[in-house]
Structure formats: structure tokens, C-alpha cells
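Read the structure below first, then the notes.
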Amino acid sequence: MDVTAFSVIVSPFGTAESSAHAEVAAKLAQMRALLADLGAPAIVLTTAGAVAWLTAGLQNRIEAGSTASAMWVVVTPGDALALTTTVEGPRIAAEHDLASRGLALETVEWFEGDAGLTAAAREFAGSPAATLASDGHAGFGIDAGDALAGLRLALRPAEQERLAALGVDAARALETTLRGWRPGERDLELQARIAAELERSGAFGACLIVGGDDRVERFRHPLATGAPVRRLVMAVVVAERGGLHAAATRLACSDGLPSEIRAAWLAALTVESRMLGASRVGATYGDVLRACDNAYAEVGRPGAWREHYQGGPIAYRQREFEIAPSQSDSPWYRQRIEPGHAVAWNPSVAGGGKTEDTFLIDDGELRCLTATGQWPELAAVDGRERTAILDIATGAAA
């Protein structure tokens, strides 16, 4: 399915909605336009991100590592219904105020599981499951996952505010922990403090990576193992709250930065600068990926994008899609960048070079949502102020 076909639906939004009801109503209109395009009698949302998007941030992920939502939503051309089990029904009815979002709620027996929810969705739609669209659930016949991701790309003003608040909380959790790092602490202790900071803000680490010393230089994902961290630490988070995600990476050193690590990090920063410069309204994501490819060659690492994920648009998934410079046949390659898109590019260079923040394309300009104002910065090759590496001995950029 060519996601660019839905560009008429994914348009910029000029005014902020005054309530969750207005936000949900506007999204239901988008869903119904999609239904008409698909020629399907209903669409069923079953994943945590898709349900959170439609419901203006209601989060029903029982297991943090699962994408499944405890509440489904079925949308038809004239109605919408929330479905859940008898276990979750009382909580959702008491705490989620679905009526204010224009949704009724029905329950199925908990022991019927997905089969019971699927049967209820089919009954509500009045059509066989094979004719219904969904966000990729195997029980329904039409996979509209890419089209739904296309609808989510342009964040509404209220969503932008929620993402901006999450971005600051995510970055603050990393920065508070790394500023308090005592060389010799175990990576698991640092990771636990970051997780605690996130939990206090109502968020959690959908992805949380903390590693140190030579493991940062050797591995792109130096997962915490209980090893002491003495001279260099990297902390990576994709924080989730209300279904939205914000990504950031921070590095700190204890006694200056070795020249080899500095060179790798500056190379990654240059690649990111070229990608951010290409992330303009009206450009395509393919344009950004071509800039990525060229930038790795510019820093003397041609083709190094093959060594690690490069990031992409971020919102109701850790990345709404993620493609490589070589995948020019992907419909996402042709997807145009619009106001309200959020991106988190993630270039890295072997030897300890990595940089990552979350940006909103706001009125045609990039705004860093994970900037706290409390972390050292430096000017990248394009003059943009970017996150630096903290030297905890001086409290300044390494």
C-alpha cells in the first residue's frame, strides 16, 4: 500500500483542540476517511500505540514489553466502540472517562482472550473478520498498519505539547543520573536510577541502555551487565508515556575524552547535522536518507550506515518506520515531511560515536524537545547547538 496516498488525510493542523473529545472526534474523522479509501466496513485498533493515538493518550499496556493493548477500539462509518475484558472493564470505566471521548465500552469474558474480542468486533461491525481492517492483527483480513502510521505522523498541537513534556522528562532522567555518576558505579545502578526518574514522571523506558568504558567503543548496544563504569558512560532511552515516545542519548566521561572517542563522536555529530538539515517541510524521508549516506562518506566512513539503525519519525512507536538509504523502493522513502512530524535520528560511528535527540518540525523549523537547558552544548558543523559530552570533573563539555 502506498502511504503517500493518504497525504490528503495527514494534513497540518492550525488550531489546538480544546479537549480530548475534540481530538478524538477529529481522529475518528480521519479513520472514517481511511475506511472509505480501503472500502472496509470497520477498522479495529488492537495495539497500545494505535489505541493511545485515537483516544488522546489513554494507555492500556499491561505488560511493558508488549505492544498489545488491553482495550481495543472498533470504528465503523457511523459509530465507535471500545472493547476490553471483564478484568479491565471496571478500571477503564472508572478511570478513563470514555464518554468524554465519544466512546461506549463493552466487555468480553477474560478467558475468551483475543478470540472473544475479535468476535465482539466482528459482531459490532456486522461483517466477517476477513473483511475488516486492523493495525496488523492476524485475526482480521486487511492490514492497514502502514496507513495508520501515516495518519499518526503529523502530531496535533495537544500531542506536540504532550511529546514536548515527555522529551524534557526523558532527557532530565538521563542527565540527572549521569551528573551524579560516581566512577566505579555499576552500569545496573545507573540504569536503575534512570528508570526510577522516568517512573516518577509517569513514563517508562520502552528502550533503556546503559553501558560504559570499552563496551561503548566496541558495541552499539552495550546493555547493562553489572560492570563497573570508570571513565566513560553512555545512556540511551526511548521513554514512553500516554503512548508517545521520546528518544535521547547522553554521554559523560570522568577524566577527559580520548582523542579516538572524540573523533568518532564528532563524526556522528556531523552525520546527524546533515540529516537534520535535510529534515525540511516538503522534503521526503528519502532526501534525509540520501543526506545520511553522503554524510558518512564525508566523514570518511562510506557505507557505515549499514552498521546501525539510523532512526526516523517518532511518535506512537519508538520509530513509526525505519528504513535504510538503500531502500528507495519503500513507500516511506517518498513520504513528505510536514509540520507536526517528530524525528529522532540516531547516527553512530564505531569507536564510541553516537548522538540522538527528539525534534519537532514546528512551523518549518526544527525544535529540540529533549533539550533541558541543563546540559553542555556545542556548535555542530552547520552551526546548530547540539548536545555535547559531559566531563563530570568540570561540569562542562569534554
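In the C-alpha cells, chains take letters A, B, ... by order of appearance, with residues numbered from 1 within each chain and ligands from 1 in the order shown.
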
Within 10 Å of region 160-179 of chain A, which residues of region 287-360 of chain A come that close, and what is the closest atom pair and distance in Å for each? Count only C-alpha atoms and give it as CSV.
residue,atom,partner,partner_atom,distance
A:Ile314,CA,A:Leu163,CA,9.9
A:Ala315,CA,A:Leu163,CA,8.0
A:Gly340,CA,A:Gln160,CA,7.4
A:His341,CA,A:Gln160,CA,9.2
A:Ala342,CA,A:Gln160,CA,8.7
A:Asp357,CA,A:Ala171,CA,8.7
A:Thr358,CA,A:Gly167,CA,7.1
A:Phe359,CA,A:Ala164,CA,9.1
A:Leu360,CA,A:Gln160,CA,7.9

Filtering to C-alpha atoms, could you give me those residues as a JSON list (two decimals), in the first residue's frame?
[["chain", "number", "residue", "atom", "x", "y", "z"],
["A", 314, "ILE", "CA", 8.95, 9.07, 16.29],
["A", 315, "ALA", "CA", 5.52, 9.25, 17.90],
["A", 340, "GLY", "CA", 3.96, 18.35, 13.16],
["A", 341, "HIS", "CA", 6.26, 15.46, 12.29],
["A", 342, "ALA", "CA", 8.70, 14.46, 15.05],
["A", 357, "ASP", "CA", 17.65, 13.74, 20.40],
["A", 358, "THR", "CA", 13.98, 14.16, 19.52],
["A", 359, "PHE", "CA", 13.00, 17.08, 17.30],
["A", 360, "LEU", "CA", 9.65, 18.53, 16.28]]

Contact residues around Gly256 (chain A) with only C-alpha atoms at 8 Å, ignoring same-chain residues under 3 positions, as a PyMOL selection string: chain A and resi 253+391+398

Output the selection as a PDB file, in the first residue's frame - C-alpha atoms for each residue.
ATOM      1  CA  CYS A 253      33.368  10.985  30.896  1.00  0.00           C
ATOM      2  CA  ASP A 391      33.040  15.867  31.714  1.00  0.00           C
ATOM      3  CA  ALA A 398      34.511  17.397  27.361  1.00  0.00           C
TER       4      ALA A 398
END

Determine, for each residue of region 302-336 of chain A having at least one atom at most 12 Å from an atom of region 35-56 of chain A, the closest pair of atoms and their separation in Å to one decimal, counting only C-alpha atoms; order by chain and ascending number, as CSV.
residue,atom,partner,partner_atom,distance
A:Ile314,CA,A:Gly49,CA,11.4
A:Ala315,CA,A:Gly49,CA,8.6
A:Tyr316,CA,A:Gly49,CA,4.8
A:Arg317,CA,A:Gly49,CA,6.2
A:Gln318,CA,A:Gly49,CA,9.6
A:Arg319,CA,A:Gly49,CA,11.1
A:Glu320,CA,A:Gly49,CA,9.9

Those in region 246-389 of chain A with strand (DSSP E) from DSSP, as a count of residues only: 33

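Nearest residue to Asp382 (chain A), choosing from A:Ala344, A:Val271, A:Cys368, A:Ala304 and counting only C-alpha atoms: A:Val271.
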
Pairwise distance for CA of Ser100 (chain A) and CA of Met71 (chain A), rounded to one decimal in Å: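 Straight-line distance from CA of Ser100 (chain A) to CA of Met71 (chain A) works out to 16.3 Å.
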
For Leu198 (chain A), the nearest of the candidates A:Leu390, A:Gly353, A:Ala239, A:Arg152, counting only C-alpha atoms: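 Checking each of A:Leu390, A:Gly353, A:Ala239, A:Arg152 against Leu198 (chain A), counting only C-alpha atoms, the winner is A:Ala239.
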
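With only C-alpha atoms as the basis for measurement, A:Leu28 is the residue among A:Leu28, A:Val229, A:Ala268, A:Leu148 that approaches Asp79 (chain A) most closely.
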
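CA of His96 (chain A) is positioned 7.2 Å from CA of Leu58 (chain A).
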
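Each of A:Gly351, A:Ala206, A:Arg220, A:Tyr309 was compared to Ala267 (chain A) using only C-alpha atoms, and A:Gly351 turns out to be the nearest.
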